[in-house]
Every structure is written in C-alpha cells, then in structure tokens.
>>> print(open('run-v4.cif').read())   # mmCIF, C-alpha atoms
data_query
#
loop_
_atom_site.group_PDB
_atom_site.id
_atom_site.type_symbol
_atom_site.label_atom_id
_atom_site.label_comp_id
_atom_site.auth_asym_id
_atom_site.auth_seq_id
_atom_site.Cartn_x
_atom_site.Cartn_y
_atom_site.Cartn_z
ATOM 1 C CA MET A 1 -26.744 59.216 -26.143
ATOM 2 C CA VAL A 2 -23.530 57.359 -27.060
ATOM 3 C CA ARG A 3 -22.561 57.035 -23.390
ATOM 4 C CA LYS A 4 -25.990 55.682 -22.569
ATOM 5 C CA TYR A 5 -25.701 53.175 -25.396
ATOM 6 C CA ASN A 6 -22.232 52.070 -24.249
ATOM 7 C CA PHE A 7 -23.484 51.658 -20.691
ATOM 8 C CA LEU A 8 -26.412 49.521 -21.814
ATOM 9 C CA LEU A 9 -24.034 47.451 -23.953
ATOM 10 C CA LEU A 10 -21.790 46.814 -20.953
ATOM 11 C CA VAL A 11 -24.754 45.800 -18.801
ATOM 12 C CA LEU A 12 -26.027 43.475 -21.508
ATOM 13 C CA THR A 13 -22.583 41.906 -21.976
ATOM 14 C CA ALA A 14 -22.207 41.329 -18.228
ATOM 15 C CA ALA A 15 -25.652 39.762 -18.075
ATOM 16 C CA LEU A 16 -24.848 37.438 -20.966
ATOM 17 C CA LEU A 17 -21.563 36.382 -19.352
ATOM 18 C CA LEU A 18 -23.357 35.666 -16.074
ATOM 19 C CA LEU A 19 -26.024 33.684 -17.911
ATOM 20 C CA CYS A 20 -23.401 31.649 -19.742
ATOM 21 C CA SER A 21 -21.556 30.876 -16.502
ATOM 22 C CA CYS A 22 -24.780 29.641 -14.934
ATOM 23 C CA PHE A 23 -25.317 27.231 -17.815
ATOM 24 C CA LYS A 24 -21.731 26.133 -18.314
ATOM 25 C CA GLN A 25 -21.425 23.050 -20.458
ATOM 26 C CA TYR A 26 -19.422 20.329 -18.721
ATOM 27 C CA ARG A 27 -17.798 17.404 -20.490
ATOM 28 C CA GLY A 28 -18.881 15.227 -17.590
ATOM 29 C CA ARG A 29 -20.062 15.185 -13.992
ATOM 30 C CA ILE A 30 -19.002 13.068 -11.018
ATOM 31 C CA SER A 31 -21.155 12.788 -7.895
ATOM 32 C CA ILE A 32 -19.513 11.712 -4.610
ATOM 33 C CA ASP A 33 -20.971 11.390 -1.102
ATOM 34 C CA GLY A 34 -20.462 9.496 2.145
ATOM 35 C CA SER A 35 -18.058 9.511 5.064
ATOM 36 C CA SER A 36 -17.194 12.735 6.853
ATOM 37 C CA SER A 37 -13.807 11.208 7.705
ATOM 38 C CA VAL A 38 -12.904 10.541 4.064
ATOM 39 C CA TYR A 39 -14.431 13.825 2.861
ATOM 40 C CA PRO A 40 -11.297 15.987 3.465
ATOM 41 C CA ILE A 41 -9.198 13.598 1.378
ATOM 42 C CA THR A 42 -11.609 13.306 -1.532
ATOM 43 C CA GLU A 43 -12.404 17.022 -1.512
ATOM 44 C CA ALA A 44 -8.681 17.847 -1.626
ATOM 45 C CA VAL A 45 -8.274 15.482 -4.586
ATOM 46 C CA ALA A 46 -11.377 16.919 -6.276
ATOM 47 C CA GLU A 47 -10.110 20.478 -5.850
ATOM 48 C CA GLU A 48 -6.793 19.663 -7.500
ATOM 49 C CA PHE A 49 -8.597 17.718 -10.216
ATOM 50 C CA ARG A 50 -10.907 20.660 -10.961
ATOM 51 C CA ASN A 51 -7.873 22.897 -11.410
ATOM 52 C CA GLU A 52 -6.658 20.654 -14.214
ATOM 53 C CA HIS A 53 -10.049 19.586 -15.577
ATOM 54 C CA GLY A 54 -12.307 22.613 -15.480
ATOM 55 C CA ASP A 55 -14.669 20.932 -17.930
ATOM 56 C CA ILE A 56 -15.546 18.153 -15.455
ATOM 57 C CA ARG A 57 -17.846 18.973 -12.557
ATOM 58 C CA VAL A 58 -17.066 17.066 -9.341
ATOM 59 C CA THR A 59 -19.342 17.437 -6.311
ATOM 60 C CA VAL A 60 -18.465 15.949 -2.914
ATOM 61 C CA GLY A 61 -21.117 15.670 -0.204
ATOM 62 C CA VAL A 62 -21.173 14.421 3.381
ATOM 63 C CA SER A 63 -23.913 12.143 4.693
ATOM 64 C CA GLY A 64 -21.858 9.649 6.713
ATOM 65 C CA THR A 65 -20.675 6.239 5.562
ATOM 66 C CA GLY A 66 -24.082 4.616 6.009
ATOM 67 C CA GLY A 67 -25.952 7.498 4.386
ATOM 68 C CA GLY A 68 -23.498 7.510 1.510
ATOM 69 C CA PHE A 69 -24.006 3.802 0.849
ATOM 70 C CA LYS A 70 -27.783 4.321 0.751
ATOM 71 C CA LYS A 71 -27.384 6.896 -2.019
ATOM 72 C CA PHE A 72 -24.802 4.731 -3.769
ATOM 73 C CA ALA A 73 -27.095 1.687 -3.724
ATOM 74 C CA ARG A 74 -29.867 3.774 -5.322
ATOM 75 C CA GLY A 75 -27.504 4.760 -8.127
ATOM 76 C CA GLU A 76 -27.471 8.422 -7.074
ATOM 77 C CA THR A 77 -23.672 8.696 -6.806
ATOM 78 C CA ASP A 78 -20.694 7.567 -8.835
ATOM 79 C CA ILE A 79 -18.351 7.208 -5.860
ATOM 80 C CA SER A 80 -19.003 6.647 -2.158
ATOM 81 C CA ASN A 81 -16.548 7.680 0.567
ATOM 82 C CA ALA A 82 -16.419 5.142 3.405
ATOM 83 C CA SER A 83 -14.557 4.886 6.697
ATOM 84 C CA ARG A 84 -15.393 1.167 6.918
ATOM 85 C CA PRO A 85 -16.018 -1.650 4.447
ATOM 86 C CA ILE A 86 -19.443 -2.047 2.893
ATOM 87 C CA LYS A 87 -21.781 -4.353 4.861
ATOM 88 C CA GLU A 88 -23.862 -7.285 3.686
ATOM 89 C CA PRO A 89 -27.230 -5.433 3.800
ATOM 90 C CA GLU A 90 -25.662 -2.599 1.785
ATOM 91 C CA ILE A 91 -24.255 -5.098 -0.724
ATOM 92 C CA LYS A 92 -27.715 -6.644 -1.097
ATOM 93 C CA ALA A 93 -29.230 -3.183 -1.621
ATOM 94 C CA CYS A 94 -26.698 -2.580 -4.396
ATOM 95 C CA GLN A 95 -27.439 -5.965 -5.970
ATOM 96 C CA ALA A 96 -31.187 -5.304 -5.878
ATOM 97 C CA ASN A 97 -30.630 -2.205 -8.006
ATOM 98 C CA GLY A 98 -28.003 -3.688 -10.305
ATOM 99 C CA ILE A 99 -25.189 -1.646 -8.784
ATOM 100 C CA GLY A 100 -21.720 -3.181 -8.910
ATOM 101 C CA PHE A 101 -18.822 -1.630 -7.031
ATOM 102 C CA ILE A 102 -15.039 -1.524 -6.913
ATOM 103 C CA GLU A 103 -13.506 -1.106 -3.439
ATOM 104 C CA ILE A 104 -10.298 0.966 -3.234
ATOM 105 C CA PRO A 105 -8.388 1.797 0.004
ATOM 106 C CA VAL A 106 -7.165 5.411 0.006
ATOM 107 C CA ALA A 107 -5.623 6.162 3.425
ATOM 108 C CA TYR A 108 -4.966 5.108 6.986
ATOM 109 C CA ASP A 109 -6.540 6.972 9.867
ATOM 110 C CA GLY A 110 -6.050 6.631 13.595
ATOM 111 C CA LEU A 111 -8.961 7.203 15.953
ATOM 112 C CA ALA A 112 -7.975 9.765 18.557
ATOM 113 C CA VAL A 113 -9.288 9.359 22.107
ATOM 114 C CA VAL A 114 -9.427 12.781 23.747
ATOM 115 C CA VAL A 115 -10.273 14.496 27.014
ATOM 116 C CA SER A 116 -10.401 18.119 28.108
ATOM 117 C CA THR A 117 -7.158 20.020 28.693
ATOM 118 C CA SER A 118 -8.481 20.553 32.242
ATOM 119 C CA ASN A 119 -8.357 16.792 32.828
ATOM 120 C CA ASP A 120 -5.221 16.310 34.966
ATOM 121 C CA PHE A 121 -5.620 12.630 35.860
ATOM 122 C CA VAL A 122 -5.763 10.695 32.565
ATOM 123 C CA ASP A 123 -2.544 10.058 30.656
ATOM 124 C CA TYR A 124 -3.400 6.716 29.077
ATOM 125 C CA LEU A 125 -6.200 4.171 28.941
ATOM 126 C CA THR A 126 -6.226 0.469 28.148
ATOM 127 C CA ILE A 127 -8.621 -1.088 25.655
ATOM 128 C CA ALA A 128 -10.194 -2.950 28.596
ATOM 129 C CA GLU A 129 -10.859 0.391 30.338
ATOM 130 C CA LEU A 130 -12.378 1.851 27.183
ATOM 131 C CA LYS A 131 -14.588 -1.212 26.913
ATOM 132 C CA LYS A 132 -15.694 -0.763 30.526
ATOM 133 C CA MET A 133 -16.841 2.758 29.575
ATOM 134 C CA TRP A 134 -18.503 1.989 26.253
ATOM 135 C CA GLU A 135 -19.961 -1.529 26.394
ATOM 136 C CA PRO A 136 -23.784 -1.834 26.501
ATOM 137 C CA ALA A 137 -23.700 -3.059 30.123
ATOM 138 C CA ALA A 138 -22.156 0.277 31.172
ATOM 139 C CA GLN A 139 -25.315 2.208 30.364
ATOM 140 C CA GLY A 140 -26.767 3.707 33.515
ATOM 141 C CA THR A 141 -24.197 1.975 35.742
ATOM 142 C CA VAL A 142 -20.719 3.278 34.844
ATOM 143 C CA ASN A 143 -20.967 7.010 35.458
ATOM 144 C CA SER A 144 -17.741 7.937 37.249
ATOM 145 C CA TRP A 145 -14.062 7.899 36.347
ATOM 146 C CA LYS A 146 -13.355 6.136 39.633
ATOM 147 C CA GLN A 147 -15.271 3.127 38.321
ATOM 148 C CA ILE A 148 -12.808 2.907 35.431
ATOM 149 C CA ARG A 149 -9.644 2.920 37.546
ATOM 150 C CA SER A 150 -9.503 3.072 41.338
ATOM 151 C CA THR A 151 -6.799 5.760 41.282
ATOM 152 C CA PHE A 152 -9.000 8.095 39.236
ATOM 153 C CA PRO A 153 -11.078 10.708 41.124
ATOM 154 C CA ASP A 154 -14.826 10.425 41.555
ATOM 155 C CA VAL A 155 -15.547 12.771 38.630
ATOM 156 C CA PRO A 156 -18.681 12.271 36.496
ATOM 157 C CA LEU A 157 -17.898 10.474 33.235
ATOM 158 C CA ARG A 158 -19.574 11.909 30.139
ATOM 159 C CA LEU A 159 -18.983 10.367 26.727
ATOM 160 C CA TYR A 160 -19.001 11.856 23.234
ATOM 161 C CA GLY A 161 -18.685 10.003 19.953
ATOM 162 C CA ALA A 162 -19.732 9.489 16.367
ATOM 163 C CA GLY A 163 -23.360 8.787 15.504
ATOM 164 C CA THR A 164 -24.530 5.225 15.013
ATOM 165 C CA SER A 165 -24.688 5.551 11.197
ATOM 166 C CA SER A 166 -21.029 6.540 11.068
ATOM 167 C CA GLY A 167 -18.265 4.211 9.942
ATOM 168 C CA THR A 168 -16.138 5.718 12.703
ATOM 169 C CA TYR A 169 -18.666 4.458 15.265
ATOM 170 C CA ASP A 170 -18.698 1.022 13.655
ATOM 171 C CA TYR A 171 -14.923 0.702 13.742
ATOM 172 C CA PHE A 172 -14.523 2.053 17.274
ATOM 173 C CA THR A 173 -17.144 -0.273 18.741
ATOM 174 C CA GLU A 174 -15.720 -3.288 16.928
ATOM 175 C CA ALA A 175 -12.145 -2.516 18.023
ATOM 176 C CA VAL A 176 -13.035 -1.646 21.629
ATOM 177 C CA VAL A 177 -16.187 -3.575 22.537
ATOM 178 C CA GLY A 178 -15.656 -6.454 20.140
ATOM 179 C CA THR A 179 -18.830 -6.070 18.090
ATOM 180 C CA ALA A 180 -19.614 -3.310 15.601
ATOM 181 C CA LYS A 181 -22.539 -1.060 16.587
ATOM 182 C CA SER A 182 -22.544 -2.468 20.124
ATOM 183 C CA SER A 183 -22.255 0.245 22.779
ATOM 184 C CA ARG A 184 -24.084 2.034 25.507
ATOM 185 C CA GLY A 185 -26.671 4.445 24.174
ATOM 186 C CA ASP A 186 -26.461 7.186 26.793
ATOM 187 C CA TYR A 187 -23.678 9.191 25.180
ATOM 188 C CA THR A 188 -23.686 12.399 23.139
ATOM 189 C CA ALA A 189 -23.634 11.304 19.504
ATOM 190 C CA SER A 190 -23.043 13.564 16.531
ATOM 191 C CA GLU A 191 -21.935 13.352 12.897
ATOM 192 C CA ASP A 192 -20.524 16.861 13.369
ATOM 193 C CA ASP A 193 -17.057 16.616 14.919
ATOM 194 C CA ASN A 194 -17.298 20.276 15.972
ATOM 195 C CA VAL A 195 -20.066 19.304 18.396
ATOM 196 C CA LEU A 196 -17.833 16.603 19.898
ATOM 197 C CA VAL A 197 -14.872 18.962 20.241
ATOM 198 C CA GLN A 198 -17.026 21.594 21.929
ATOM 199 C CA GLY A 199 -18.512 19.078 24.357
ATOM 200 C CA VAL A 200 -15.237 17.446 25.380
ATOM 201 C CA SER A 201 -13.173 20.620 25.559
ATOM 202 C CA THR A 202 -15.527 22.308 28.030
ATOM 203 C CA ASP A 203 -16.019 19.390 30.445
ATOM 204 C CA LYS A 204 -13.290 18.021 32.749
ATOM 205 C CA GLY A 205 -15.043 14.658 32.982
ATOM 206 C CA ALA A 206 -15.689 14.211 29.258
ATOM 207 C CA LEU A 207 -14.094 11.723 26.874
ATOM 208 C CA GLY A 208 -14.621 11.464 23.143
ATOM 209 C CA PHE A 209 -13.277 9.873 19.971
ATOM 210 C CA PHE A 210 -12.938 10.867 16.314
ATOM 211 C CA GLY A 211 -10.392 10.816 13.503
ATOM 212 C CA LEU A 212 -6.815 11.816 14.285
ATOM 213 C CA ALA A 213 -6.872 14.495 11.587
ATOM 214 C CA TYR A 214 -9.669 16.306 13.385
ATOM 215 C CA TYR A 215 -7.755 16.197 16.657
ATOM 216 C CA GLU A 216 -4.790 17.801 14.871
ATOM 217 C CA GLU A 217 -7.051 20.664 13.804
ATOM 218 C CA ASN A 218 -8.205 21.196 17.406
ATOM 219 C CA LYS A 219 -5.234 20.104 19.519
ATOM 220 C CA ASN A 220 -5.065 23.429 21.319
ATOM 221 C CA LYS A 221 -8.499 22.663 22.815
ATOM 222 C CA LEU A 222 -8.030 18.975 23.654
ATOM 223 C CA LYS A 223 -5.722 16.529 25.425
ATOM 224 C CA LEU A 224 -4.748 13.409 23.507
ATOM 225 C CA VAL A 225 -4.883 10.123 25.430
ATOM 226 C CA ALA A 226 -2.356 7.336 24.777
ATOM 227 C CA ILE A 227 -3.929 3.902 24.272
ATOM 228 C CA ASP A 228 -2.515 0.625 25.575
ATOM 229 C CA GLY A 229 -3.546 -2.131 23.214
ATOM 230 C CA GLY A 230 -1.481 -4.710 25.087
ATOM 231 C CA ASN A 231 2.076 -3.541 24.475
ATOM 232 C CA GLY A 232 2.152 -0.345 26.500
ATOM 233 C CA PRO A 233 0.631 3.116 25.956
ATOM 234 C CA VAL A 234 1.015 4.533 22.429
ATOM 235 C CA PHE A 235 -0.066 7.920 21.085
ATOM 236 C CA PRO A 236 -1.530 8.025 17.581
ATOM 237 C CA SER A 237 0.704 9.648 14.971
ATOM 238 C CA SER A 238 1.515 9.221 11.296
ATOM 239 C CA GLU A 239 4.305 6.841 12.269
ATOM 240 C CA THR A 240 2.404 4.714 14.806
ATOM 241 C CA VAL A 241 -0.666 4.477 12.586
ATOM 242 C CA SER A 242 1.282 3.459 9.478
ATOM 243 C CA ASN A 243 3.483 0.900 11.262
ATOM 244 C CA GLY A 244 0.560 -0.629 13.173
ATOM 245 C CA THR A 245 1.843 0.071 16.696
ATOM 246 C CA TYR A 246 -1.193 2.240 17.452
ATOM 247 C CA ALA A 247 -3.427 -0.780 17.759
ATOM 248 C CA PRO A 248 -6.259 -1.500 17.513
ATOM 249 C CA LEU A 249 -7.467 2.033 16.720
ATOM 250 C CA SER A 250 -5.828 2.389 13.295
ATOM 251 C CA ARG A 251 -8.026 1.766 10.261
ATOM 252 C CA PRO A 252 -8.019 1.929 6.471
ATOM 253 C CA GLU A 253 -10.432 4.244 4.655
ATOM 254 C CA PHE A 254 -11.985 3.683 1.240
ATOM 255 C CA ILE A 255 -13.720 4.910 -1.840
ATOM 256 C CA TYR A 256 -16.259 2.726 -3.676
ATOM 257 C CA VAL A 257 -16.702 3.268 -7.410
ATOM 258 C CA ASN A 258 -19.907 2.361 -9.237
ATOM 259 C CA THR A 259 -18.884 -0.179 -11.905
ATOM 260 C CA LYS A 260 -21.048 1.437 -14.592
ATOM 261 C CA SER A 261 -19.609 4.851 -13.770
ATOM 262 C CA ALA A 262 -16.131 3.311 -14.021
ATOM 263 C CA GLN A 263 -16.771 2.766 -17.720
ATOM 264 C CA THR A 264 -16.973 6.515 -18.351
ATOM 265 C CA GLN A 265 -13.902 8.482 -19.357
ATOM 266 C CA VAL A 266 -14.412 11.203 -16.737
ATOM 267 C CA VAL A 267 -14.517 8.744 -13.819
ATOM 268 C CA GLN A 268 -11.499 6.893 -15.231
ATOM 269 C CA GLU A 269 -9.585 10.166 -15.356
ATOM 270 C CA PHE A 270 -10.648 11.054 -11.814
ATOM 271 C CA VAL A 271 -9.723 7.707 -10.240
ATOM 272 C CA ARG A 272 -6.351 7.682 -12.010
ATOM 273 C CA PHE A 273 -5.725 11.220 -10.722
ATOM 274 C CA TYR A 274 -6.900 10.191 -7.214
ATOM 275 C CA MET A 275 -4.428 7.307 -6.990
ATOM 276 C CA GLN A 276 -1.567 9.497 -8.237
ATOM 277 C CA ALA A 277 -2.348 12.494 -6.029
ATOM 278 C CA ALA A 278 -3.448 10.629 -2.880
ATOM 279 C CA PRO A 279 -0.046 10.042 -1.217
ATOM 280 C CA ALA A 280 0.742 13.770 -1.057
ATOM 281 C CA LEU A 281 -2.784 15.059 -0.447
ATOM 282 C CA VAL A 282 -3.617 12.451 2.213
ATOM 283 C CA LYS A 283 -0.636 13.673 4.213
ATOM 284 C CA GLU A 284 -1.464 17.314 3.530
ATOM 285 C CA VAL A 285 -4.934 17.025 5.076
ATOM 286 C CA GLY A 286 -3.644 15.215 8.167
ATOM 287 C CA TYR A 287 -4.141 11.539 7.349
ATOM 288 C CA VAL A 288 -1.609 8.759 6.842
ATOM 289 C CA PRO A 289 -0.755 7.679 3.288
ATOM 290 C CA LEU A 290 -0.889 4.002 2.403
ATOM 291 C CA PRO A 291 2.247 2.239 1.121
ATOM 292 C CA ASP A 292 2.817 2.999 -2.574
ATOM 293 C CA THR A 293 2.179 -0.673 -3.327
ATOM 294 C CA VAL A 294 -1.373 -0.411 -2.000
ATOM 295 C CA TYR A 295 -2.171 2.550 -4.273
ATOM 296 C CA LYS A 296 -0.815 0.609 -7.252
ATOM 297 C CA LEU A 297 -2.818 -2.473 -6.308
ATOM 298 C CA GLY A 298 -5.920 -0.339 -5.746
ATOM 299 C CA TYR A 299 -5.617 1.243 -9.172
ATOM 300 C CA ARG A 300 -5.081 -2.185 -10.716
ATOM 301 C CA ARG A 301 -8.342 -3.354 -9.095
ATOM 302 C CA PHE A 302 -10.059 -0.388 -10.731
ATOM 303 C CA VAL A 303 -8.528 -0.950 -14.165
ATOM 304 C CA GLU A 304 -9.405 -4.661 -14.039
ATOM 305 C CA ARG A 305 -12.899 -3.837 -12.691
ATOM 306 C CA LYS A 306 -12.542 -6.193 -9.728
ATOM 307 C CA GLU A 307 -15.905 -6.004 -8.007
ATOM 308 C CA GLY A 308 -16.730 -6.800 -4.386
ATOM 309 C CA THR A 309 -15.151 -6.255 -1.000
ATOM 310 C CA LEU A 310 -12.011 -7.714 0.514
ATOM 311 C CA PHE A 311 -13.733 -7.741 3.909
ATOM 312 C CA ALA A 312 -16.829 -9.868 3.376
ATOM 313 C CA ASP A 313 -15.752 -12.338 6.060
ATOM 314 C CA ARG A 314 -13.004 -10.496 7.888
ATOM 315 C CA SER A 315 -12.393 -7.414 10.010
ATOM 316 C CA THR A 316 -10.303 -4.392 9.071
ATOM 317 C CA VAL A 317 -8.788 -4.418 12.572
ATOM 318 C CA GLY A 318 -5.142 -5.335 12.044
ATOM 319 C CA ALA A 319 -5.711 -6.091 8.329
ATOM 320 C CA ASN A 320 -2.685 -6.436 6.043
ATOM 321 C CA LEU A 321 -3.853 -4.596 2.928
ATOM 322 C CA ILE A 322 -0.962 -5.640 0.701
ATOM 323 C CA LYS A 323 -1.489 -9.325 1.472
ATOM 324 C CA LEU A 324 -5.265 -9.109 1.046
ATOM 325 C CA MET A 325 -5.073 -7.242 -2.244
ATOM 326 C CA ASN A 326 -2.441 -9.576 -3.678
ATOM 327 C CA GLU A 327 -4.552 -12.590 -2.747
ATOM 328 C CA ASN A 328 -7.716 -11.119 -4.240
#
>>> encode(input="run-v4.cif", output="structure tokens")
Amino acid sequence: MVRKYNFLLLVLTAALLLLCSCFKQYRGRISIDGSSSVYPITEAVAEEFRNEHGDIRVTVGVSGTGGGFKKFARGETDISNASRPIKEPEIKACQANGIGFIEIPVAYDGLAVVVSTSNDFVDYLTIAELKKMWEPAAQGTVNSWKQIRSTFPDVPLRLYGAGTSSGTYDYFTEAVVGTAKSSRGDYTASEDDNVLVQGVSTDKGALGFFGLAYYEENKNKLKLVAIDGGNGPVFPSSETVSNGTYAPLSRPEFIYVNTKSAQTQVVQEFVRFYMQAAPALVKEVGYVPLPDTVYKLGYRRFVERKEGTLFADRSTVGANLIKLMNEN
C-alpha cells in the first residue's frame, strides 16, 4: 500500500511539474519575424540571450522580408528582420496603424552566384552578363549559355533564385538589372534556399543566387562564380564583402524595432545584447560583421529613438553606413 502511495505521489508530482512548465510565467515576450537571410543571425543572438534571460521568451519566425514587414505594420511583431530597407508602401502601412520604427544595420552579406560542380565552363561572369540572363527582356529568348558568351557551349540555361517577396530578390535585381523587382519571370523561385541548392547542384546548366552564408553551408555541392563588377573577377568572402571589393553584390542587413516595443525593458535589454553580441555571432553563423563604429551608431539610434529609414531616397548598393548614420 505504501509503495502504491509513493508511486502515485511521484506520478502526481511529475504531472504538476509538467503543468507548471507548460504555463511558465515570463517576465516579458519578444516576437520577431521576417527575412530568412537575417534569421540565422537573430536566432543565434536570441539563443544566447535566452541562456542569460530565461524569464524572457523570444520567438523568431521566417516569412521573408516582405512578409515580415506586413506583420510588423499590423503590430504583430516587436522586431522585423530585413535583408533590404523598408519601402514606401510598407512605411505607409506602418503609419496607417500608428507603428513607428527604428532601423538598425546588423551585418554585411554577399550574394553568392553559384553553378553546379559539373559546370566546367564558367569561372566568372560580368554584371552585364548576369543582366543579359535576368533582365525582363530575356524571358523566353535567352535560353542557352552560348547566348551569354560566345565561348560558352550551347547548354540550356536554367535559373534559380529567391522569390519575389524576398529582400534578396529585391537587392539582386536592383544591383544586376538596375531596378528592384525587375527580372524575367521564367525562373525557379523559392524562399527555401534548400530548393535552390538542390536545383542548381543537380543541373549542369543551372545558375542560382542566395546569401554567401548559405553557400558556405553547401559548398561541397556547388561551384562559386567570381563576379566582375568592373575591376576584374572577385569571389565573395568576408574580406571582399567587408572592404567593398565584391561589388555590387554586397549588402547590409537590418533589424527594425517597433518604437512602442522599444519603450519596454525586455526589448531594451534584447537590443543592447544584440548590439554587443552581434560582431562575434554574425561571424560565427557565416556573415560579415559591420565595423564596430556602425554597431555603436546603431545602438545610439535605438537609445535616442531615431525613427525612419536612412534609405528613403537612396540605394543600399555601395552605401557608406558610417557616413549615412553620422549624417542622420
């Protein structure tokens, strides 16, 4: 009888512990969503933050830069990850709902242009050649590698890239074609980089693009292509992205903080932690840290609650972040 009682007591205790864990009381909650490119950085920061602040719940989702801004403008998230600056329609959506925002750069990323390891004829491409592949006029007419360069073989050209709601797509089309969101439509688009890797790696005639960090994770399956932006072919790397020689396919990435959320202690603690931890964690997950000065200026923008974007009337292509942030 005593054994039975002890067993029931243990079961009851375990059940109570499980029930308590399901209804854990948090001091605060932070909701983050947006870019798949920025996700690895913010998730790494959030994981370290959780280790030190177990009483604050931080959730990080992925819905793409555009999808993240939609949620942000509706007031559903405290922070939005973005691989491009916020756009005018998104700003207006925020204004319509009384949402203010603070824009903070968090990293540099290079866009990797890749082909299959079975591709034995491409070593580098010029921006003009990329444009010839991707511009709207190429749809239905540019279908062979030989049309890109006369010395290339007559191999079918198949393209893979980010979906049209992605900030990666916006930046690539602006840097290559000259206008954001302007490209041929007959390519395989996906927000899932695994789909792009699978498609390119298994097709000799395929070419794709995505963040450099994702190439690093899959470099045994892909061949990296050097890009000639006008000063000779350059491969993307931490060094060439940070010093600007991998041009024009190097870009800054951002977080956007809801101004009302910024008034809460938990978000203040998180953003302070983010700016302190970012240099090491950005590098750890395969991205390129910003200069220390930019992190300091970014945190100052947060502390001073400087709302708005630095890029309302300018492109991020070739942007000098230190100069822009000092001037604004």
>>> closest_residue(input="run-v4.cif", among="A:Ser35, A:Asn81, A:Asn97, A:Gln276", to="Phe49 of chain A", atoms="all atoms listed in the file")
A:Gln276
>>> resolve_selection(input="run-v4.cif", expression="the PyMOL selection byres ((chain A and resi 200) around 9)", output="list in words")
Val114, Val115, Ser116, Arg158, Leu159, Tyr160, Val195, Leu196, Val197, Gln198, Gly199, Ser201, Thr202, Asp203, Lys204, Gly205, Ala206, Leu207, Gly208, Lys221 and Leu222 of chain A
>>> atom_distance(input="run-v4.cif", atom1="atom CA of Asp313 of chain A", atom2="atom CA of Glu88 of chain A")
9.8 Å
>>> residues_around(input="run-v4.cif", residues="Thr173 of chain A", least_positions_apart="4", cutoff="9 Å", atoms="only C-alpha atoms", output="PyMOL selection string")
chain A and resi 131+134-135+168-169+177-183
>>> residues_near_point(input="run-v4.cif", point="(-3.1, 15.9, 6.5)", cutoff="10 Å", atoms="all atoms listed in the file", output="list in words")
Pro40, Ile41, Leu212, Ala213, Tyr214, Glu216, Glu217, Ser238, Ala280, Leu281, Val282, Lys283, Glu284, Val285, Gly286, Tyr287, Val288 and Pro289 of chain A
>>> residues_around(input="run-v4.cif", residues="Lys260 of chain A", least_positions_apart="5", cutoff="10 Å", atoms="only C-alpha atoms", output="ChimeraX atom specification")
/A:75,78,98-101,267,305
>>> resolve_selection(input="run-v4.cif", expression="the PyMOL selection byres ((chain A and resi 55) around 10)", output="PyMOL selection string")
chain A and resi 24-29+50-54+56-58+266
>>> atom_distance(input="run-v4.cif", atom1="atom CA of Leu297 of chain A", atom2="atom CA of Ile322 of chain A")
7.9 Å
>>> atom_distance(input="run-v4.cif", atom1="atom CA of Val225 of chain A", atom2="atom CA of Pro136 of chain A")
22.4 Å
>>> closest_residue(input="run-v4.cif", among="A:Ala46, A:Leu157, A:Val38, A:Ile91", to="Ala277 of chain A", atoms="only C-alpha atoms")
A:Ala46
>>> resolve_selection(input="run-v4.cif", expression="the PyMOL selection byres ((chain A and resi 122) around 12)", output="ChimeraX atom specification")
/A:113-121,123-126,129,145-146,148-149,151-153,155,204-207,223-227,233
>>> closest_residue(input="run-v4.cif", among="A:Thr65, A:Gln265, A:Asn220, A:Gln139", to="Gly185 of chain A", atoms="all atoms listed in the file")
A:Gln139
>>> closest_residue(input="run-v4.cif", among="A:Ala82, A:Ala107, A:Ala128, A:Val317", to="Ser242 of chain A", atoms="all atoms listed in the file")
A:Ala107
>>> residues_around(input="run-v4.cif", residues="Asn320 of chain A", least_positions_apart="4", cutoff="10 Å", atoms="all atoms listed in the file", output="list in words")
Gly244, Pro252, Thr316, Leu324 and Met325 of chain A
>>> closest_residue(input="run-v4.cif", among="A:Phe72, A:Tyr187, A:Phe210, A:Tyr108", to="Phe254 of chain A", atoms="all atoms listed in the file")
A:Tyr108
>>> closest_residue(input="run-v4.cif", among="A:Asp193, A:Ala278, A:Gly298, A:Ser315", to="Glu48 of chain A", atoms="all atoms listed in the file")
A:Ala278
